[in-house]
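The file upload_9.txt comes next; it holds compact mmCIF, C-alpha atoms.
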```
# COMPACT_ATOMS: atom_id res chain seq x y z
CA MET U 1 27.75 6.36 7.00
CA LYS U 2 26.62 9.93 7.64
CA ASP U 3 24.58 10.62 4.49
CA VAL U 4 21.42 9.17 3.06
CA ILE U 5 22.33 7.35 -0.15
CA ALA U 6 19.61 6.91 -2.77
CA THR U 7 20.11 4.71 -5.82
CA TYR U 8 18.21 5.51 -9.03
CA TYR U 9 17.87 4.10 -12.51
CA PHE U 10 17.28 6.80 -15.14
CA ARG U 11 17.17 7.46 -18.87
CA PRO U 12 18.13 11.03 -19.77
CA ARG U 13 16.37 13.08 -22.39
CA ALA U 14 18.15 12.93 -25.75
CA ASP U 15 19.70 16.39 -25.34
CA THR U 16 20.92 15.74 -21.77
CA LYS U 17 24.17 14.05 -20.79
CA PRO U 18 23.95 11.34 -18.12
CA ASP U 19 25.98 13.30 -15.56
CA GLN U 20 23.80 16.36 -16.16
CA ALA U 21 20.67 14.27 -15.58
CA ALA U 22 22.04 12.83 -12.34
CA ARG U 23 23.00 16.32 -11.19
CA ALA U 24 19.47 17.50 -12.00
CA ILE U 25 18.03 14.85 -9.66
CA CYS U 26 20.51 15.82 -6.96
CA ASP U 27 19.81 19.56 -7.25
CA GLU U 28 16.02 19.15 -7.40
CA GLU U 29 15.93 17.07 -4.24
CA THR U 30 18.24 19.32 -2.19
CA THR U 31 19.04 23.02 -2.63
CA GLY U 32 18.86 23.60 -6.38
CA THR U 33 16.23 25.04 -8.69
CA TRP U 34 15.87 25.78 -12.40
CA THR U 35 17.64 29.17 -12.32
CA ASP U 36 20.23 31.08 -10.30
CA ILE U 37 18.82 32.61 -7.12
CA SER U 38 20.30 35.15 -4.71
CA THR U 39 19.17 33.28 -1.60
CA ARG U 40 21.38 30.25 -2.24
CA THR U 41 24.16 31.36 0.09
CA GLU U 42 27.37 29.59 1.05
CA TYR U 43 25.87 28.08 4.19
CA VAL U 44 22.96 26.74 2.15
CA LYS U 45 25.37 25.14 -0.32
CA GLN U 46 26.70 22.99 2.51
CA LEU U 47 23.43 21.05 2.23
CA ASP U 48 23.92 20.28 -1.46
CA GLY U 49 23.64 16.66 -2.49
CA THR U 50 26.50 14.95 -4.29
CA VAL U 51 26.55 12.46 -7.13
CA GLU U 52 28.72 9.50 -6.17
CA SER U 53 28.58 7.62 -9.48
CA VAL U 54 26.85 7.25 -12.82
CA THR U 55 27.18 3.87 -14.54
CA PRO U 56 25.53 2.45 -17.69
CA GLN U 57 22.70 -0.02 -17.15
CA GLY U 58 20.85 -1.38 -20.17
CA GLU U 59 19.34 1.54 -22.07
CA GLY U 60 19.86 3.88 -19.13
CA TYR U 61 22.09 4.54 -16.13
CA ILE U 62 22.38 3.82 -12.42
CA THR U 63 23.33 6.70 -10.13
CA ARG U 64 24.03 6.81 -6.40
CA ILE U 65 23.30 10.18 -4.82
CA HIS U 66 24.28 11.33 -1.33
CA TYR U 67 21.91 13.58 0.57
CA PRO U 68 23.20 15.21 3.77
CA ALA U 69 21.44 13.82 6.85
CA GLU U 70 20.86 17.39 8.02
CA ILE U 71 18.15 17.97 5.41
CA PHE U 72 16.02 15.19 6.90
CA GLU U 73 13.69 15.55 9.89
CA PRO U 74 14.37 12.48 12.08
CA GLY U 75 11.33 10.24 12.37
CA ASN U 76 9.34 11.97 9.60
CA VAL U 77 8.94 9.36 6.85
CA ALA U 78 6.80 11.65 4.72
CA GLN U 79 9.67 14.13 4.63
CA TYR U 80 12.24 11.37 3.96
CA LEU U 81 10.31 10.46 0.82
CA SER U 82 9.85 14.10 -0.17
CA VAL U 83 13.62 14.24 -0.55
CA CYS U 84 14.41 10.84 -2.03
CA ALA U 85 11.22 10.44 -4.09
CA GLY U 86 10.03 14.00 -4.63
CA ASN U 87 9.77 16.14 -7.75
CA LEU U 88 12.37 14.13 -9.67
CA PHE U 89 9.73 11.99 -11.40
CA GLY U 90 8.52 14.99 -13.36
CA LEU U 91 11.90 16.42 -14.36
CA GLY U 92 11.99 17.31 -18.06
CA ARG U 93 15.62 16.24 -18.44
CA LEU U 94 14.61 12.66 -17.69
CA ASP U 95 12.59 10.35 -19.93
CA ALA U 96 12.34 7.89 -17.03
CA VAL U 97 13.59 7.56 -13.45
CA ARG U 98 13.08 4.86 -10.81
CA LEU U 99 14.07 4.91 -7.14
CA LEU U 100 15.72 1.54 -6.47
CA ASP U 101 16.99 1.77 -2.90
CA ILE U 102 17.59 4.08 0.06
CA GLU U 103 20.33 3.61 2.66
CA TYR U 104 19.95 5.52 5.93
CA PRO U 105 22.50 6.50 8.56
CA ASP U 106 21.78 5.38 12.11
CA SER U 107 20.72 8.89 13.11
CA LEU U 108 17.64 8.64 10.87
CA ILE U 109 16.81 5.05 11.86
CA ILE U 110 16.95 5.51 15.65
CA PRO U 111 13.43 7.04 15.92
CA PHE U 112 11.92 3.80 14.58
CA LYS U 113 11.50 0.59 16.58
CA GLY U 114 10.33 -1.73 13.81
CA PRO U 115 7.95 -4.69 14.31
CA LYS U 116 6.65 -5.50 17.77
CA PHE U 117 6.40 -9.22 16.93
CA GLY U 118 8.23 -9.94 13.70
CA ILE U 119 8.74 -13.43 12.34
CA SER U 120 9.68 -15.02 15.67
CA GLY U 121 6.79 -13.40 17.54
CA VAL U 122 4.21 -14.52 15.00
CA ARG U 123 5.69 -18.01 14.97
CA LYS U 124 5.43 -18.13 18.76
CA MET U 125 1.73 -17.26 18.57
CA ILE U 126 1.12 -20.01 16.03
CA GLY U 127 3.49 -22.53 17.60
CA SER U 128 5.48 -23.09 14.42
CA LYS U 129 9.22 -23.39 13.97
CA ASN U 130 10.98 -24.37 10.78
CA ARG U 131 8.24 -24.22 8.16
CA PRO U 132 6.37 -21.72 5.98
CA HIS U 133 3.01 -20.44 7.16
CA VAL U 134 -0.10 -20.91 5.05
CA GLY U 135 -2.73 -18.21 4.94
CA THR U 136 -5.90 -17.45 3.08
CA ILE U 137 -8.08 -14.49 2.21
CA ILE U 138 -11.82 -14.37 2.67
CA LYS U 139 -13.25 -14.77 -0.83
CA PRO U 140 -15.16 -13.25 -2.46
CA LYS U 141 -13.31 -10.16 -1.29
CA VAL U 142 -16.57 -8.31 -0.65
CA GLY U 143 -20.20 -9.37 -0.54
CA LEU U 144 -20.40 -12.02 2.18
CA ASN U 145 -22.41 -11.27 5.31
CA PRO U 146 -20.83 -11.70 8.77
CA VAL U 147 -22.25 -15.18 9.34
CA ASP U 148 -20.98 -16.53 6.03
CA THR U 149 -17.63 -14.78 6.46
CA ALA U 150 -17.21 -16.56 9.79
CA SER U 151 -18.23 -19.85 8.22
CA VAL U 152 -15.56 -19.51 5.52
CA ALA U 153 -12.99 -18.68 8.21
CA TYR U 154 -13.98 -21.77 10.18
CA GLU U 155 -13.61 -24.04 7.14
CA ALA U 156 -10.18 -22.60 6.41
CA ALA U 157 -9.12 -23.08 10.03
CA MET U 158 -10.29 -26.69 9.95
CA GLY U 159 -8.07 -27.14 6.90
CA ASN U 160 -5.05 -26.09 9.02
CA VAL U 161 -4.20 -22.62 7.76
CA ASP U 162 -2.19 -20.38 10.08
CA LEU U 163 -3.69 -17.07 8.98
CA ILE U 164 -6.99 -15.79 7.67
CA LYS U 165 -7.34 -12.21 6.51
CA ASP U 166 -9.83 -9.80 5.06
CA ASP U 167 -9.16 -8.65 1.54
CA GLU U 168 -8.11 -5.08 0.82
CA THR U 169 -11.57 -3.79 -0.09
CA LEU U 170 -13.41 -5.13 2.95
CA THR U 171 -13.36 -2.74 5.89
CA ASP U 172 -16.49 -1.68 7.77
CA GLN U 173 -19.22 -1.66 5.13
CA ALA U 174 -22.90 -1.99 6.06
CA PHE U 175 -23.23 -5.49 4.53
CA CYS U 176 -20.42 -6.83 6.75
CA PRO U 177 -19.58 -4.43 9.60
CA ILE U 178 -16.59 -5.08 11.83
CA ASP U 179 -18.73 -5.05 14.98
CA LYS U 180 -20.64 -8.08 13.70
CA ARG U 181 -18.03 -9.78 11.54
CA LEU U 182 -15.11 -9.83 13.95
CA PRO U 183 -16.80 -11.44 16.99
CA LEU U 184 -18.40 -14.09 14.79
CA VAL U 185 -15.11 -14.94 13.08
CA MET U 186 -13.26 -15.16 16.38
CA LYS U 187 -16.01 -17.36 17.83
CA ARG U 188 -15.75 -19.77 14.91
CA LEU U 189 -11.95 -19.79 15.11
CA GLU U 190 -12.20 -20.67 18.78
CA GLU U 191 -14.47 -23.57 17.84
CA ALA U 192 -11.87 -24.74 15.32
CA LYS U 193 -9.16 -24.44 17.96
CA ASP U 194 -11.17 -26.62 20.33
CA GLU U 195 -11.37 -29.27 17.60
CA THR U 196 -7.82 -29.05 16.22
CA GLY U 197 -5.77 -27.59 19.08
CA ARG U 198 -4.31 -25.03 16.64
CA GLN U 199 -4.17 -21.25 16.97
CA VAL U 200 -5.22 -19.33 13.84
CA LEU U 201 -4.72 -15.59 13.37
CA TYR U 202 -7.39 -13.38 11.81
CA ALA U 203 -6.17 -10.11 10.29
CA VAL U 204 -9.21 -7.86 10.36
CA ASN U 205 -8.93 -4.92 7.96
CA ILE U 206 -9.07 -1.71 10.02
CA THR U 207 -8.05 0.59 7.15
CA THR U 208 -9.46 4.10 7.57
CA ARG U 209 -8.26 7.69 7.72
CA ALA U 210 -5.04 8.15 9.67
CA ASP U 211 -6.51 10.14 12.55
CA ARG U 212 -9.03 7.38 13.31
CA ILE U 213 -7.02 4.24 12.72
CA VAL U 214 -5.67 3.78 16.24
CA GLN U 215 -9.17 4.12 17.66
CA ARG U 216 -10.47 1.53 15.20
CA ALA U 217 -7.58 -0.82 15.99
CA LEU U 218 -8.19 -0.59 19.73
CA HIS U 219 -11.88 -1.22 19.19
CA ALA U 220 -11.06 -4.31 17.11
CA ILE U 221 -8.79 -5.60 19.86
CA GLU U 222 -11.59 -5.08 22.40
CA LEU U 223 -13.78 -7.23 20.14
CA GLY U 224 -11.20 -10.03 20.25
CA ALA U 225 -8.91 -9.37 17.29
CA ASN U 226 -5.61 -11.26 17.47
CA MET U 227 -4.18 -9.47 14.41
CA ILE U 228 -5.02 -6.27 12.52
CA MET U 229 -4.51 -5.39 8.88
CA ILE U 230 -3.89 -2.07 7.14
CA ASP U 231 -3.78 -1.08 3.47
CA ILE U 232 -0.55 0.91 3.73
CA PHE U 233 -0.55 2.98 0.55
CA THR U 234 -4.19 4.02 0.69
CA SER U 235 -4.03 4.80 4.43
CA GLY U 236 -0.60 6.41 4.39
CA PHE U 237 2.65 5.78 6.19
CA GLY U 238 1.54 7.89 9.13
CA ALA U 239 -1.32 5.52 9.84
CA LEU U 240 1.04 2.54 10.14
CA GLN U 241 3.47 4.59 12.21
CA ALA U 242 0.70 5.49 14.66
CA LEU U 243 -0.21 1.81 15.06
CA GLY U 244 3.39 0.68 15.36
CA GLU U 245 4.28 3.24 18.03
CA ASP U 246 1.17 2.81 20.18
CA SER U 247 1.95 0.53 23.14
CA ARG U 248 -1.73 -0.40 23.43
CA ILE U 249 -1.60 -2.23 20.09
CA LYS U 250 -0.57 -5.63 21.41
CA VAL U 251 -1.36 -7.74 18.33
CA PRO U 252 0.65 -8.19 15.10
CA ILE U 253 0.12 -5.80 12.20
CA HIS U 254 -0.43 -7.35 8.77
CA VAL U 255 0.27 -4.89 5.94
CA HIS U 256 -1.36 -5.15 2.52
CA ARG U 257 0.21 -3.17 -0.32
CA THR U 258 -2.83 -2.52 -2.50
CA MET U 259 -2.18 0.28 -5.04
CA HIS U 260 1.59 -0.33 -4.96
CA ALA U 261 1.81 -1.23 -8.64
CA ALA U 262 0.82 2.32 -9.60
CA PHE U 263 4.42 3.22 -8.80
CA THR U 264 6.31 -0.11 -8.55
CA ARG U 265 5.30 -1.91 -11.75
CA ASN U 266 7.12 0.08 -14.43
CA PRO U 267 10.73 -1.20 -14.41
CA GLU U 268 12.04 2.17 -15.63
CA HIS U 269 9.93 4.71 -13.78
CA GLY U 270 8.52 5.07 -10.27
CA ILE U 271 9.63 3.44 -7.04
CA ALA U 272 10.81 -0.12 -6.51
CA MET U 273 9.25 -2.13 -3.69
CA ARG U 274 12.54 -2.55 -1.79
CA PRO U 275 12.84 1.02 -0.40
CA LEU U 276 9.14 0.97 0.45
CA ALA U 277 9.52 -2.36 2.24
CA HIS U 278 12.40 -0.85 4.21
CA ILE U 279 10.22 2.00 5.44
CA ILE U 280 7.28 -0.28 6.21
CA ARG U 281 9.52 -2.49 8.35
CA MET U 282 10.83 0.59 10.17
CA LEU U 283 7.27 1.71 10.89
CA GLY U 284 6.29 -1.55 12.56
CA ALA U 285 4.86 -4.03 10.06
CA ASP U 286 4.93 -7.59 11.35
CA GLN U 287 3.90 -8.97 7.95
CA LEU U 288 4.05 -7.40 4.49
CA HIS U 289 2.98 -8.59 1.05
CA THR U 290 5.98 -8.81 -1.27
CA GLY U 291 4.59 -10.63 -4.30
CA THR U 292 5.06 -14.08 -5.79
CA VAL U 293 7.42 -15.55 -8.33
CA SER U 294 4.77 -17.83 -9.80
CA GLY U 295 1.38 -16.17 -9.32
CA LYS U 296 -0.89 -13.79 -11.20
CA MET U 297 0.86 -10.47 -10.50
CA SER U 298 3.66 -8.89 -12.51
CA HIS U 299 6.99 -9.31 -10.70
CA THR U 300 10.46 -10.60 -11.40
CA THR U 301 12.14 -13.02 -9.02
CA PRO U 302 15.06 -10.63 -8.31
CA GLU U 303 12.63 -7.84 -7.41
CA VAL U 304 10.72 -10.01 -4.96
CA LYS U 305 13.96 -11.30 -3.41
CA LYS U 306 15.29 -7.78 -2.91
CA SER U 307 12.16 -6.84 -0.97
CA ILE U 308 12.32 -10.01 1.13
CA ASP U 309 16.01 -9.46 1.85
CA MET U 310 15.18 -5.99 3.15
CA LEU U 311 12.44 -7.33 5.41
CA THR U 312 14.53 -10.15 6.87
CA CYS U 313 18.08 -8.80 7.00
CA ASN U 314 19.85 -8.46 10.34
CA CYS U 315 19.95 -4.66 10.36
CA HIS U 316 19.17 -1.66 12.57
CA GLY U 317 18.53 -3.95 15.54
CA MET U 318 14.95 -4.43 14.33
CA LYS U 319 12.98 -7.66 14.30
CA PRO U 320 12.49 -9.05 10.78
CA THR U 321 9.14 -8.63 9.09
CA PHE U 322 7.38 -11.79 7.87
CA PRO U 323 7.18 -11.66 4.03
CA VAL U 324 3.83 -12.63 2.53
CA SER U 325 3.69 -14.20 -0.91
CA SER U 326 0.25 -13.71 -2.45
CA GLY U 327 -1.55 -13.36 -5.75
CA GLY U 328 -2.46 -16.43 -7.77
CA LEU U 329 -0.96 -19.06 -5.49
CA HIS U 330 -2.29 -22.64 -5.40
CA PRO U 331 -0.85 -26.00 -4.28
CA GLY U 332 0.73 -26.62 -7.68
CA ASN U 333 3.12 -23.66 -7.47
CA VAL U 334 4.04 -23.95 -3.77
CA ALA U 335 7.29 -25.81 -4.44
CA HIS U 336 8.52 -23.23 -6.95
CA GLU U 337 7.66 -20.43 -4.53
CA LEU U 338 9.50 -22.00 -1.61
CA ALA U 339 12.51 -23.04 -3.68
CA SER U 340 12.84 -19.46 -4.89
CA LEU U 341 12.02 -17.51 -1.71
CA GLY U 342 12.82 -19.77 1.23
CA ILE U 343 10.67 -21.01 4.09
CA ASP U 344 10.52 -17.88 6.26
CA ILE U 345 7.44 -16.80 4.35
CA VAL U 346 3.65 -16.78 4.48
CA LEU U 347 2.01 -18.42 1.45
CA GLN U 348 -1.26 -16.55 1.08
CA ALA U 349 -3.78 -18.26 -1.20
CA GLY U 350 -7.30 -17.02 -1.83
CA GLY U 351 -8.75 -18.60 -4.95
CA GLY U 352 -6.11 -21.31 -4.65
CA ILE U 353 -7.86 -22.51 -1.49
CA HIS U 354 -11.51 -21.57 -1.92
CA GLY U 355 -11.47 -22.71 -5.56
CA HIS U 356 -10.60 -26.31 -4.67
CA PRO U 357 -13.16 -28.71 -6.19
CA ASP U 358 -14.07 -29.97 -2.70
CA GLY U 359 -14.31 -26.59 -1.01
CA THR U 360 -12.37 -24.39 1.38
CA ALA U 361 -11.31 -26.93 4.02
CA ALA U 362 -10.01 -29.30 1.35
CA GLY U 363 -8.23 -26.43 -0.39
CA ALA U 364 -6.50 -25.44 2.83
CA ARG U 365 -5.42 -29.02 3.46
CA ALA U 366 -4.07 -29.25 -0.09
CA MET U 367 -1.93 -26.15 0.48
CA ARG U 368 -0.56 -27.56 3.73
CA GLN U 369 0.12 -30.88 2.01
CA ALA U 370 2.04 -29.10 -0.74
CA VAL U 371 4.13 -27.38 1.93
CA ASP U 372 4.69 -30.66 3.76
CA ALA U 373 5.80 -32.30 0.52
CA PHE U 374 8.41 -29.62 -0.04
CA MET U 375 9.65 -29.80 3.54
CA GLU U 376 10.03 -33.59 3.21
CA GLY U 377 11.95 -33.25 -0.05
CA LYS U 378 9.20 -34.78 -2.18
CA THR U 379 7.49 -33.50 -5.31
CA ALA U 380 3.85 -32.50 -5.05
CA GLU U 381 2.96 -35.24 -7.52
CA GLU U 382 4.69 -37.87 -5.42
CA TYR U 383 3.08 -36.64 -2.22
CA ALA U 384 -0.34 -36.50 -3.88
CA LYS U 385 -0.37 -40.27 -4.37
CA ASP U 386 -1.57 -40.72 -0.79
CA HIS U 387 -2.99 -37.22 -0.10
CA TYR U 388 -6.36 -36.92 -1.79
CA GLU U 389 -6.85 -33.14 -1.41
CA LEU U 390 -3.50 -32.39 -3.02
CA GLU U 391 -4.19 -34.84 -5.82
CA ARG U 392 -7.47 -33.09 -6.59
CA ALA U 393 -5.79 -29.68 -6.50
CA LEU U 394 -3.07 -30.70 -8.92
CA LYS U 395 -5.62 -32.12 -11.33
CA HIS U 396 -7.58 -28.87 -11.09
CA TRP U 397 -4.75 -26.32 -11.40
CA GLY U 398 -1.71 -28.29 -12.51
CA SER U 399 1.78 -27.61 -11.19
CA ASN U 400 4.95 -25.78 -12.13
```
Once you've parsed the file, please lay out its structure as structure tokens.
Amino acid sequence: MKDVIATYYFRPRADTKPDQAARAICDEETTGTWTDISTRTEYVKQLDGTVESVTPQGEGYITRIHYPAEIFEPGNVAQYLSVCAGNLFGLGRLDAVRLLDIEYPDSLIIPFKGPKFGISGVRKMIGSKNRPHVGTIIKPKVGLNPVDTASVAYEAAMGNVDLIKDDETLTDQAFCPIDKRLPLVMKRLEEAKDETGRQVLYAVNITTRADRIVQRALHAIELGANMIMIDIFTSGFGALQALGEDSRIKVPIHVHRTMHAAFTRNPEHGIAMRPLAHIIRMLGADQLHTGTVSGKMSHTTPEVKKSIDMLTCNCHGMKPTFPVSSGGLHPGNVAHELASLGIDIVLQAGGGIHGHPDGTAAGARAMRQAVDAFMEGKTAEEYAKDHYELERALKHWGSN
């Protein structure tokens, strides 16, 4: 493959034929404009895009468009997206358009190394093999002081989670600064390790402006961080790329996708999560939130699976990124989640752990028990008969 191939869903304006609409996307994203111009010479026309196909899909159409690799600057993700996801969303000939996928030739993938750790590297740190990981989020997402944050982390660790993370809105605020929060959390996690023998990762949120994020990450590592977290869409792709390419960043990178639904939620307009997940893997994410099939957020199972397939496929010689299922998870929907998405996944529960009637540690144990039930081929209800924490969770939240 020598071209970039972008796949779009679109609905043309009533006075525009489908092939004209597809051509409008193609022209807008390569060499065309709204009128004839004298500067569009023969050598420029060699960089024109081409429409491979236009096929009906529901009330609209699917088109595959080829963009010559020469119009892309290798290694510049911002420019990649300027071509494949540029001005087309405002084109008057389209009532709706959604970028579904991007396929890249090797020449545009080579500059990227992908995750430093990936699924196998994170598993090695935890000491797990053939099972899902269970994670939690510090809740409430903001408001706790450093001492109480560390206490919540300790309780979760004692309940046998594999991962604890900050939420997307907690960074370095005065009520809970990183310099105080991080050492206290790591101290309490070390205490839990002494008692349980288990390693727990803490993804501290280092999100900040792109030109400062490496410095903040290195500072967090100096303070003892064993994982860092970034809000990708609010920080920008360049911030993740800087972290992924820096050899001094020797801990996994957990990527939160806050704000994604502004452009991924509408099934007819915007950008699907799959092409974004592809880029995020290329840039070095070791873990990425992909959504649930049974939680509180708006997703369809096929959409979530497409993102996970992109993160875990054997492609480009890159390590696979660990998918993270989060948003409304609790022990009662663990089985449905795993049956739908597989076991190479992190089940990230916030309220579904901290909201347990007996507290955080019990909530964490209930999540692990729900995972164990699935792995042993038992229903949660059956397993709950001799696992008190799971029984309490199912009575509190039910199951599906």
Problem set entry | Selected residue of minimal separation from His278 in chain U among U:Phe10, U:Phe374, U:Phe237, U:Tyr202, counting all atoms listed in the file | U:Phe237
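Note that the spacing between CA of Asn205 in chain U and CA of Cys313 in chain U amounts to 27.3 Å.
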Exercise. What lies within 7 Å of range 269-272 of chain U using all atoms listed in the file, ignoring chain neighbours under 5 positions off, as a ChimeraX atom specification?
Worked result: /U:96-100,263-264
Kindly export the residues of the current selection with C-alpha atoms, as a PDB file, keeping the file's coordinate frame.
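To be explicit, this is the file written out as result-v7.pdb:
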```
ATOM      1  CA  ALA U  96      12.340   7.890 -17.030  1.00  0.00           C
ATOM      2  CA  VAL U  97      13.590   7.560 -13.450  1.00  0.00           C
ATOM      3  CA  ARG U  98      13.080   4.860 -10.810  1.00  0.00           C
ATOM      4  CA  LEU U  99      14.070   4.910  -7.140  1.00  0.00           C
ATOM      5  CA  LEU U 100      15.720   1.540  -6.470  1.00  0.00           C
ATOM      6  CA  PHE U 263       4.420   3.220  -8.800  1.00  0.00           C
ATOM      7  CA  THR U 264       6.310  -0.110  -8.550  1.00  0.00           C
TER       8      THR U 264
END
```
Exercise. U:Gly60, U:Gly342, U:Lys116, U:Tyr104: which is nearest Ala14 in chain U, counting only C-alpha atoms?
Worked result: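 Checking each candidate against Ala14 in chain U, we get U:Gly60 as the closest.
For the residues U:His387, U:Lys193, U:Arg209, U:His354, ranking by smallest atom-to-atom distance to Pro140 in chain U using only C-alpha atoms places U:His354 first.
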Exercise. How many Å lie between CA of Tyr8 in chain U and CA of Ile65 in chain U, rounded to one decimal?
Worked result: 8.1 Å
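Residues in contact with Ile213 in chain U at 10 Å, where only C-alpha atoms are counted and same-chain residues fewer than 4 positions away are skipped, are listed as U:Ile206, U:Thr207, U:Thr208, U:Arg209, U:Ala217, U:Leu218, U:His219, U:Ile230, U:Ser235, U:Gly238, U:Ala239, U:Leu240, U:Ala242, U:Leu243.
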Exercise. In Å, with one decimal, what is the gap from CA of Lys129 in chain U to CA of Ile343 in chain U?
Worked result: 10.3 Å
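Distances from U:Val214, U:Ile279, U:Ala156, U:Leu390 to Met318 in chain U were compared using all atoms listed in the file, and the smallest one belongs to U:Ile279.
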